[in-house]
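Have a look at the structure below, then the notes.
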Amino acid sequence: MTSERDFIYLDHAAATPLDARVREAMAPYESELFFNPSSPYAPAVAVRRAYEQARADLAHAIGGKPAEVVITAGATESINLAFGSFAGHVVVPEIEHASVLACAAARDHTFVRVNKHGLVSPDDIAAAIRPDTELVSVGLANNEIGTVQPLRAISEVVRAERARRLRDGITIPIVLHTDASQGAGQVNTDTATLGVDLMTLNAAKIYGPKQVGLLWAHRDVRLKPRVLGGGQERGLRSGTENVAGTVGFARALTLAVADRKREVERLAGLRNALQRELCAAFPQAVVSGHKRHRLPGSLHIAFPGIDAERIVFKLEDVGVLVGTGAACAANKDTRSHVLTAIGMPPELADGSLRLTLGHLSTEENTARAARLIIEAVRGEYERMAR
Amino acid sequence: MGTTEETRNLLATARARWEAAAGRTPRVLVGMSGGVDSSVTAALLAEAGFAVTGAYMKNWILDVPGMRCPWADDLADAKRVAVRLDLDFRVYDFQDVYKRAVVDYLVAEYKAGRTPNPDIMCNQDVKFGIFLDAALDDGFDFVATGHYARSTVWETANALMAGAPAAEPTRLLKAADARKDQTFFLYRMQQRALARTLFPLGGLAKTDVRALAEDFGLANARKADSQGICFVGEAGIRDFLSLYVPPAPGAIVDEDTGDVVGYHDGAINFTIGQRKGLGIGGGARYYVCRKDMDANTVYVRDGEPSAHRAEGLVLEDPAWLEGGAPTGGACQVRTHHGEVLCDASLSVGEDALRIDFAHPHDAVAPGQSCVIYRGDECLGGGIVA
């Protein structure tokens with residue numbers, strides 16, 4: 001087994017390493033500045049200020065106001081807080097992350113179909129909206145195939161319904177939430193540009209700490225707390241503040257937004273080269289996700305007839321870490337709902353790899369990964385031919 | 001004890017002989033659990049030139065809400081090893097049979113106040129029952145497992161391969177590593193299974209196997225041995241049974257005085273001879289000596305369970321590896337895996353067997369197995385009545 005230092009990491013959608021600059025920003029709050037931000041003495045007040053500054057930085061990075069940001073322990077909690085704030089019917093695409101699907105399934109809901117590229121149609125959203133629909137939730141980018149959704153157009157649909165209700169004297173609210181965990185740093189996450197009313201973000205996907213997230217909710221949206229206690233976060237999320245995590249999250253998001261244009265170009269270049277190499281070696285390979293509306297670091301590729309889990313094991317032996325779109329062999333019956341939704345046949349889904357590039361990707365190691373992946377897949381085709 | 005080199009030579013020679021007679025490479029389906037023993041089994045066979053396919057048996061899945069299926073990691077380990085060795089790999093789903101043959105049996109036996117051995121049933125009905133059948137259906141010549149046991153399979157295999165009935169039955173022999181010998185768990189194998197099963201590790205010591213795992217570059221070389229019942233684990237048996245049998249409070253009664261000395265949450269949770277977990281304070285050293293399942297009462301005695309000795313055992317439901325019952329007379333027995341063999345004498349009756357110990361033996365809980373040996377050979381055994 002290659003030592004961990006040498007591995008080539010192609011699973012940035014699953015987890016990202018903590019950025020050194022983020023670690024540095026967090027460090028003081030994990031040691032000398034340990035104070036409870038609610039304590040009255042001066043050093044604690046300084047910690048409180050740093051925490052609120054971090055909140056302001058987070059808000060600023062997404063074009064929101066500090067008072068609109070609730071810090072949570074990650075995207076799953078943010079999503080639960082968003083869904084828990086509405087009682088009525090919800091509309092979500094069927095390719096959403098498990099936490100969104102689970103929250104939706106626990107109430108009256110409509111799952112909206114996607115096309116073969118994983119794209120949600122605003123018209124389908126409009127058709128799914130009922131008079132009692134209160135929440136539409138559409139992920140900014142899909143975590144498996146990388147398709148980026150037309151949120152702006154979807155927000156127009158929600159806005160139109162809201163206007164219609166106002167006109168008709170109906171007071172049932174309707175809002176648009178987006179789980180933007182997977183898109184931050186690669187697509188625009190400005191809340192006004194996207195036209196959303198609520199947004200979930202996750203520090204762990206953008207080289208920040210794990211178990212830190214946020215829910216941004218436009219000031220007109222009333223949230224209902226799910227975690228009760230000491231009344232932190234304006235009573236919306238009790239529990240002593242995670243100061244170090246939040247400071248790190250703010251640094252990570254600020255960097256992600258600032259570096260986005262450059263990183264998008266870099267990642268797209270690497271991803272396109274990787275895709276070219278793999279498709280040249282295996283003309284039968286199938287690339288999923290929308291051709292243009294796709295995360296620049298994302299490559300979902302399926303090799304017909306291959307058992308992708310074997311490729312994962314072969315590649316880990318040569319120090320390449322990749323994700324797979326297929327379920328583990330343990331659970332053939334729980335094959336990826338995303339791949340099922342885009343109509344991928346099971347045999348193809350089982351042969352799919354999710355390759356996601358990021359900070360750790362370089363031209364050199366991506367080229368090397370391409371060679372090793374080709375070798376591994378070729379070896380499998382050869383074994384099967386024996 | 002045999003050396004690793006001897007094992008390698010034996011496998012290569014046997015494979016070559018079979019190949020020469022059959023005109024093709026023998027196909028072996030290796031039951032892989034993800035542990036080091038079955039991994040090395042597959043590696044040794046592949047190295048010796050057998051056409052090896054790895055197989056994971058997906059057995060009973062205990063659906064405990066919120067718990068990650070523990071077997072998923074084992075399956076991944078098994079598959080990882082197969083990929084490392086560049087072997088084909090299959091998953092066989094035996095959940096239904098396992099549930100019936102092992103889980104239901106286990107629960108029924110406990111309900112009846114007995115102490116069953118699910119590993120033995122798993123071997124009889126699953127590994128060397130439907131798994132073997134599936135292997136033969138799928139065109140394999142043999143199955144192999146990582147058990148520490150030996151057999152005379154190569155002496156009988158050639159006749160079998162030629163389609164002729166074997167001239168004599170395949171015999172099950174103790175492993176070279178006496179401490180690891182697992183024949184106790186195999187005594188209920190049917191002769192037809194024994195004639196088709198390879199135990200490549202039978203001549204090796206556990207330390208040899210771990211060294212081989214390192215040599216083969218197998219990731220699980222240092223993985224701990226699995227313990228206890230495959231699907232729940234030793235510690236989980238109470239929780240497991242509680243899913244099937246609701247807790248029922250009852251009394252713990254001193255067998256000698258008739259006094260109630262404590263209470264329990266279900267007689268099903270207690271085993272004859274058990275000393276720990278009785279929850280009785282006060283200085284007495286109680287052990288469970290008897291259970292009344294109908295009254296849900298556990299009887300205890302103060303003293304050493306070793307004082308509770310048995311001169312002999314009556315066995316039911318005998319199983320004989322060679323098919324028929326052996327002659328009575330001197331033999332050796334053990335009543336649990338790992339026990340040093342005890343001298344005894346065997347009497348074979350119409351329906352029941354009787355074992356008379358040469359020296360008094362600890363009492364054995366009903367439902368447990370008593371396995372009978374003569375010299376190196378494991379003859380079979382029965383279930384303590």
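Just so we're on the same page: first chain in the structure tokens is A, next is B, and so on; residues restart at 1 for each chain, and ligands are numbered from 1 in the order they show up.
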Write out as a short mmCIF file (atom, residue, chain, number, x, y, z; two decimals) with C-alpha atoms, in the first residue's frame each polymer residue whose atoms come within 9 Å of Gly380 of chain B, counting only C-alpha atoms; drop sequence neighbours fewer than 5 positions from it.
```cif
data_model
loop_
_atom_site.label_atom_id
_atom_site.label_comp_id
_atom_site.auth_asym_id
_atom_site.auth_seq_id
_atom_site.Cartn_x
_atom_site.Cartn_y
_atom_site.Cartn_z
CA PHE B 184 -15.40 -29.52 16.39
CA LEU B 186 -17.30 -29.54 11.18
CA TYR B 187 -18.58 -32.79 12.67
CA ARG B 188 -22.00 -32.47 11.06
CA MET B 189 -20.66 -32.18 7.51
CA PRO B 318 -25.99 -38.29 15.84
CA ALA B 319 -24.06 -37.30 12.74
CA TRP B 320 -21.32 -39.49 11.26
CA LEU B 321 -18.84 -38.10 8.79
CA GLU B 322 -18.39 -41.39 6.96
CA ALA B 325 -22.15 -45.20 12.80
CA CYS B 370 -20.12 -33.69 21.84
CA VAL B 371 -17.67 -34.55 19.09
CA ILE B 372 -16.00 -37.94 18.90
CA TYR B 373 -12.48 -38.73 17.72
#
```
Residues flagged strand (DSSP E) by DSSP in segment 129-224 of chain B, as a list in words: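 Strand (DSSP E) members of segment 129-224 of chain B, listed: Phe142, Val143, Ala144, Arg150, Ser151, Leu172, Leu173, Thr197 and Leu198 of chain B.
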Mind dumping a table of every chain B residue within 7 Å of chain A, with the nearest atom pair and its distance in Å to one decimal, using only C-alpha atoms, sorted by chain and rising number, as JSON lines?
```
{"residue": "B:Ala72", "atom": "CA", "partner": "A:Ala330", "partner_atom": "CA", "distance": 5.4}
{"residue": "B:Leu75", "atom": "CA", "partner": "A:Ala330", "partner_atom": "CA", "distance": 6.6}
{"residue": "B:Arg80", "atom": "CA", "partner": "A:Phe313", "partner_atom": "CA", "distance": 5.8}
{"residue": "B:Val83", "atom": "CA", "partner": "A:Arg310", "partner_atom": "CA", "distance": 6.1}
{"residue": "B:Arg84", "atom": "CA", "partner": "A:Lys314", "partner_atom": "CA", "distance": 6.9}
```
Atomic distance atom CA of Leu357 of chain A - atom CA of Glu277 of chain A, expressed in Å with one decimal: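 Here the two named atoms are 15.2 Å from each other.
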Selected residue of minimal separation from Asp137 of chain B among B:Asn117, B:Asp265, B:Leu29, B:Val340, counting only C-alpha atoms: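 Checking each of B:Asn117, B:Asp265, B:Leu29, B:Val340 against Asp137 of chain B, counting only C-alpha atoms, the winner is B:Leu29.
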Which residues are near Ile129 of chain A? Cut-off 9 Å, only C-alpha atoms, ignore same chain within fewer than 2 positions. Put them as a PDB file with N, CA and C atoms, in the first residue's frame.
```pdb
ATOM      1  N   HIS A  89     -46.794  21.225   2.103  1.00  0.00           N
ATOM      2  CA  HIS A  89     -46.255  20.367   1.055  1.00  0.00           C
ATOM      3  C   HIS A  89     -44.893  20.895   0.582  1.00  0.00           C
ATOM      4  N   VAL A  90     -43.988  19.967   0.216  1.00  0.00           N
ATOM      5  CA  VAL A  90     -42.679  20.373  -0.297  1.00  0.00           C
ATOM      6  C   VAL A  90     -42.446  19.751  -1.669  1.00  0.00           C
ATOM      7  N   VAL A  91     -41.646  20.427  -2.473  1.00  0.00           N
ATOM      8  CA  VAL A  91     -41.294  19.950  -3.815  1.00  0.00           C
ATOM      9  C   VAL A  91     -39.775  19.832  -3.880  1.00  0.00           C
ATOM     10  N   THR A 110     -43.681  16.125  -3.135  1.00  0.00           N
ATOM     11  CA  THR A 110     -43.647  15.673  -4.525  1.00  0.00           C
ATOM     12  C   THR A 110     -42.192  15.617  -4.958  1.00  0.00           C
ATOM     13  N   ASP A 124     -41.276  21.718 -14.747  1.00  0.00           N
ATOM     14  CA  ASP A 124     -41.687  20.584 -13.913  1.00  0.00           C
ATOM     15  C   ASP A 124     -41.870  21.013 -12.464  1.00  0.00           C
ATOM     16  N   ILE A 125     -41.029  21.933 -12.024  1.00  0.00           N
ATOM     17  CA  ILE A 125     -41.188  22.468 -10.669  1.00  0.00           C
ATOM     18  C   ILE A 125     -42.533  23.190 -10.584  1.00  0.00           C
ATOM     19  N   ALA A 126     -42.799  24.014 -11.591  1.00  0.00           N
ATOM     20  CA  ALA A 126     -44.057  24.785 -11.611  1.00  0.00           C
ATOM     21  C   ALA A 126     -45.248  23.829 -11.557  1.00  0.00           C
ATOM     22  N   ALA A 127     -45.149  22.732 -12.309  1.00  0.00           N
ATOM     23  CA  ALA A 127     -46.258  21.777 -12.358  1.00  0.00           C
ATOM     24  C   ALA A 127     -46.441  21.060 -11.028  1.00  0.00           C
ATOM     25  N   PRO A 131     -51.350  24.395  -4.303  1.00  0.00           N
ATOM     26  CA  PRO A 131     -51.757  25.572  -3.510  1.00  0.00           C
ATOM     27  C   PRO A 131     -51.193  25.544  -2.093  1.00  0.00           C
ATOM     28  N   ASP A 132     -50.926  24.329  -1.575  1.00  0.00           N
ATOM     29  CA  ASP A 132     -50.429  24.243  -0.192  1.00  0.00           C
ATOM     30  C   ASP A 132     -48.922  24.004  -0.131  1.00  0.00           C
ATOM     31  N   THR A 133     -48.229  24.145  -1.253  1.00  0.00           N
ATOM     32  CA  THR A 133     -46.776  23.972  -1.242  1.00  0.00           C
ATOM     33  C   THR A 133     -46.133  25.161  -0.512  1.00  0.00           C
ATOM     34  N   GLU A 134     -45.261  24.861   0.445  1.00  0.00           N
ATOM     35  CA  GLU A 134     -44.597  25.934   1.185  1.00  0.00           C
ATOM     36  C   GLU A 134     -43.105  26.015   0.900  1.00  0.00           C
ATOM     37  N   VAL A 136     -39.860  24.735  -1.774  1.00  0.00           N
ATOM     38  CA  VAL A 136     -39.228  24.071  -2.917  1.00  0.00           C
ATOM     39  C   VAL A 136     -37.747  24.023  -2.585  1.00  0.00           C
ATOM     40  N   VAL A 158     -40.961  30.141  -8.434  1.00  0.00           N
ATOM     41  CA  VAL A 158     -41.418  30.273  -7.043  1.00  0.00           C
ATOM     42  C   VAL A 158     -41.931  31.696  -6.798  1.00  0.00           C
ATOM     43  N   GLU A 161     -45.370  32.179  -8.222  1.00  0.00           N
ATOM     44  CA  GLU A 161     -46.403  31.564  -7.390  1.00  0.00           C
ATOM     45  C   GLU A 161     -46.670  32.437  -6.156  1.00  0.00           C
TER      46      GLU A 161
END
```
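Distances from B:Cys342, B:Lys180, B:His264, B:Arg114 to Ala385 of chain B were compared using only C-alpha atoms, and the smallest one belongs to B:Arg114.
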For segment 112-118 of chain A: contacts at 12 Å, only C-alpha atoms, fewer than 5 positions along chain excluded, given as a PyMOL selection string: chain A and resi 90-96+101+104+123-129+136-150+286-294+300+337-345
Could you please take those selected residues and save N, CA and C atoms as a compact mmCIF listing (two decimals), in the first residue's frame?
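For reference, out-v9.txt as written:
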```txt
# COMPACT_ATOMS: atom_id res chain seq x y z
N VAL A 90 -43.99 19.97 0.22
CA VAL A 90 -42.68 20.37 -0.30
C VAL A 90 -42.45 19.75 -1.67
N VAL A 91 -41.65 20.43 -2.47
CA VAL A 91 -41.29 19.95 -3.81
C VAL A 91 -39.77 19.83 -3.88
N VAL A 92 -39.28 18.63 -4.21
CA VAL A 92 -37.83 18.45 -4.35
C VAL A 92 -37.54 17.53 -5.54
N PRO A 93 -36.45 17.77 -6.24
CA PRO A 93 -36.04 16.85 -7.30
C PRO A 93 -35.64 15.50 -6.71
N GLU A 94 -35.83 14.46 -7.49
CA GLU A 94 -35.55 13.12 -6.97
C GLU A 94 -34.06 12.82 -6.83
N ILE A 95 -33.20 13.70 -7.31
CA ILE A 95 -31.76 13.42 -7.24
C ILE A 95 -31.08 14.13 -6.07
N GLU A 96 -31.89 14.67 -5.17
CA GLU A 96 -31.30 15.42 -4.05
C GLU A 96 -30.49 14.52 -3.12
N LEU A 101 -33.91 14.35 0.80
CA LEU A 101 -34.94 13.34 0.49
C LEU A 101 -35.61 12.85 1.76
N ALA A 104 -37.90 15.47 3.13
CA ALA A 104 -39.09 15.59 2.29
C ALA A 104 -40.03 14.41 2.52
N ASP A 123 -40.21 24.17 -15.50
CA ASP A 123 -41.62 23.88 -15.81
C ASP A 123 -42.14 22.73 -14.95
N ASP A 124 -41.28 21.72 -14.75
CA ASP A 124 -41.69 20.58 -13.91
C ASP A 124 -41.87 21.01 -12.46
N ILE A 125 -41.03 21.93 -12.02
CA ILE A 125 -41.19 22.47 -10.67
C ILE A 125 -42.53 23.19 -10.58
N ALA A 126 -42.80 24.01 -11.59
CA ALA A 126 -44.06 24.78 -11.61
C ALA A 126 -45.25 23.83 -11.56
N ALA A 127 -45.15 22.73 -12.31
CA ALA A 127 -46.26 21.78 -12.36
C ALA A 127 -46.44 21.06 -11.03
N ALA A 128 -45.36 20.93 -10.28
CA ALA A 128 -45.44 20.18 -9.02
C ALA A 128 -45.94 21.05 -7.87
N ILE A 129 -45.86 22.35 -8.04
CA ILE A 129 -46.28 23.26 -6.97
C ILE A 129 -47.80 23.21 -6.81
N VAL A 136 -39.86 24.73 -1.77
CA VAL A 136 -39.23 24.07 -2.92
C VAL A 136 -37.75 24.02 -2.58
N SER A 137 -37.14 22.84 -2.70
CA SER A 137 -35.73 22.72 -2.35
C SER A 137 -34.98 22.05 -3.49
N VAL A 138 -34.04 22.76 -4.07
CA VAL A 138 -33.29 22.25 -5.22
C VAL A 138 -31.80 22.43 -4.96
N GLY A 139 -31.07 21.35 -4.97
CA GLY A 139 -29.63 21.43 -4.75
C GLY A 139 -28.96 22.21 -5.86
N LEU A 140 -28.00 23.04 -5.50
CA LEU A 140 -27.31 23.86 -6.50
C LEU A 140 -26.57 22.97 -7.51
N ALA A 141 -25.85 21.98 -6.99
CA ALA A 141 -25.13 21.07 -7.88
C ALA A 141 -25.23 19.67 -7.30
N ASN A 142 -25.37 18.69 -8.18
CA ASN A 142 -25.52 17.32 -7.70
C ASN A 142 -24.18 16.74 -7.29
N ASN A 143 -24.19 16.03 -6.16
CA ASN A 143 -22.92 15.52 -5.62
C ASN A 143 -22.37 14.32 -6.37
N GLU A 144 -23.20 13.67 -7.18
CA GLU A 144 -22.69 12.49 -7.89
C GLU A 144 -22.29 12.80 -9.33
N ILE A 145 -23.18 13.46 -10.05
CA ILE A 145 -22.89 13.69 -11.47
C ILE A 145 -22.51 15.13 -11.77
N GLY A 146 -22.61 15.99 -10.74
CA GLY A 146 -22.09 17.35 -10.89
C GLY A 146 -22.97 18.33 -11.64
N THR A 147 -24.16 17.89 -12.05
CA THR A 147 -25.04 18.78 -12.80
C THR A 147 -25.45 19.99 -11.96
N VAL A 148 -25.31 21.17 -12.56
CA VAL A 148 -25.67 22.41 -11.88
C VAL A 148 -27.07 22.83 -12.33
N GLN A 149 -27.93 23.10 -11.37
CA GLN A 149 -29.34 23.36 -11.69
C GLN A 149 -29.60 24.82 -12.05
N PRO A 150 -30.61 25.06 -12.88
CA PRO A 150 -30.97 26.42 -13.27
C PRO A 150 -31.76 27.10 -12.15
N VAL A 286 -19.18 5.97 -20.67
CA VAL A 286 -20.31 6.91 -20.71
C VAL A 286 -20.09 7.98 -19.63
N VAL A 287 -20.07 9.24 -20.08
CA VAL A 287 -19.90 10.35 -19.14
C VAL A 287 -21.29 10.90 -18.81
N SER A 288 -21.56 11.06 -17.51
CA SER A 288 -22.87 11.55 -17.09
C SER A 288 -22.79 12.98 -16.57
N GLY A 289 -23.96 13.57 -16.42
CA GLY A 289 -24.03 14.97 -16.00
C GLY A 289 -24.20 15.84 -17.23
N HIS A 290 -24.65 17.06 -17.00
CA HIS A 290 -24.86 17.96 -18.14
C HIS A 290 -23.53 18.41 -18.72
N LYS A 291 -23.47 18.44 -20.04
CA LYS A 291 -22.19 18.74 -20.69
C LYS A 291 -21.65 20.11 -20.27
N ARG A 292 -22.52 21.13 -20.30
CA ARG A 292 -22.04 22.48 -19.96
C ARG A 292 -22.34 22.83 -18.51
N HIS A 293 -23.54 22.52 -18.04
CA HIS A 293 -23.92 22.88 -16.66
C HIS A 293 -23.45 21.79 -15.71
N ARG A 294 -22.15 21.74 -15.51
CA ARG A 294 -21.56 20.68 -14.70
C ARG A 294 -20.45 21.30 -13.86
N HIS A 300 -18.09 12.16 -13.88
CA HIS A 300 -18.75 10.89 -13.59
C HIS A 300 -18.68 10.04 -14.84
N HIS A 337 -29.57 6.43 -6.25
CA HIS A 337 -30.86 6.94 -6.71
C HIS A 337 -30.67 7.98 -7.81
N VAL A 338 -29.51 8.62 -7.82
CA VAL A 338 -29.25 9.63 -8.85
C VAL A 338 -29.12 8.96 -10.21
N LEU A 339 -28.34 7.88 -10.25
CA LEU A 339 -28.12 7.20 -11.52
C LEU A 339 -29.41 6.55 -12.01
N THR A 340 -30.19 6.02 -11.07
CA THR A 340 -31.49 5.47 -11.45
C THR A 340 -32.37 6.57 -12.03
N ALA A 341 -32.31 7.76 -11.40
CA ALA A 341 -33.18 8.86 -11.82
C ALA A 341 -32.83 9.36 -13.23
N ILE A 342 -31.55 9.31 -13.59
CA ILE A 342 -31.21 9.78 -14.94
C ILE A 342 -31.36 8.66 -15.95
N GLY A 343 -31.87 7.52 -15.50
CA GLY A 343 -32.20 6.44 -16.42
C GLY A 343 -31.02 5.57 -16.79
N MET A 344 -29.97 5.58 -15.97
CA MET A 344 -28.82 4.74 -16.27
C MET A 344 -29.13 3.29 -15.93
N PRO A 345 -28.92 2.36 -16.88
CA PRO A 345 -29.19 0.96 -16.56
C PRO A 345 -28.26 0.45 -15.47
```
I'd like the contact shell of Gln275 of chain A - 10 Å cut-off, only C-alpha atoms, skipping same-chain residues fewer than 3 positions apart - returned as a list in words.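 Near neighbours after the sequence-gap exclusion: Gly269, Leu270, Arg271, Asn272, Leu278, Cys279, Ala280, Ala281, Ala285, Val287, Ser298, Leu299, His300, Ile301, Leu355 and Ala370 of chain A.
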Using atom CA of Arg130 of chain A and atom CA of His97 of chain A as the two end points, give the distance in Å to one decimal.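 Separating atom CA of Arg130 of chain A from atom CA of His97 of chain A is a distance of 22.8 Å.
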Identify, on the basis of only C-alpha atoms, every residue whose closest approach to Gly129 of chain B does not exceed 10 Å; exclude the query and any residue fewer than 4 positions from it along the same chain; express the result as a PyMOL selection string. chain B and resi 97+121-125+133-134+189-190+192-193
Written selection (C-alpha atoms) as a PDB file, in the first residue's frame:
```pdb
ATOM      1  CA  VAL B  97     -31.721 -20.417   4.422  1.00  0.00           C
ATOM      2  CA  MET B 121     -25.592 -25.553  12.119  1.00  0.00           C
ATOM      3  CA  CYS B 122     -24.213 -22.843   9.852  1.00  0.00           C
ATOM      4  CA  ASN B 123     -21.518 -25.197   8.628  1.00  0.00           C
ATOM      5  CA  GLN B 124     -23.900 -28.116   8.125  1.00  0.00           C
ATOM      6  CA  ASP B 125     -26.723 -26.272   6.376  1.00  0.00           C
ATOM      7  CA  ASP B 133     -24.824 -27.017  -3.899  1.00  0.00           C
ATOM      8  CA  ALA B 134     -24.518 -23.582  -5.462  1.00  0.00           C
ATOM      9  CA  MET B 189     -20.661 -32.183   7.505  1.00  0.00           C
ATOM     10  CA  GLN B 190     -22.130 -34.705   5.159  1.00  0.00           C
ATOM     11  CA  ARG B 192     -20.756 -35.795   0.012  1.00  0.00           C
ATOM     12  CA  ALA B 193     -19.618 -32.360   1.200  1.00  0.00           C
TER      13      ALA B 193
END
```
For atom CA of Ala50 of chain A and atom CA of Arg251 of chain A, determine how far apart the two atoms are, in Å to one decimal place.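 These two atoms are separated by 11.8 Å.
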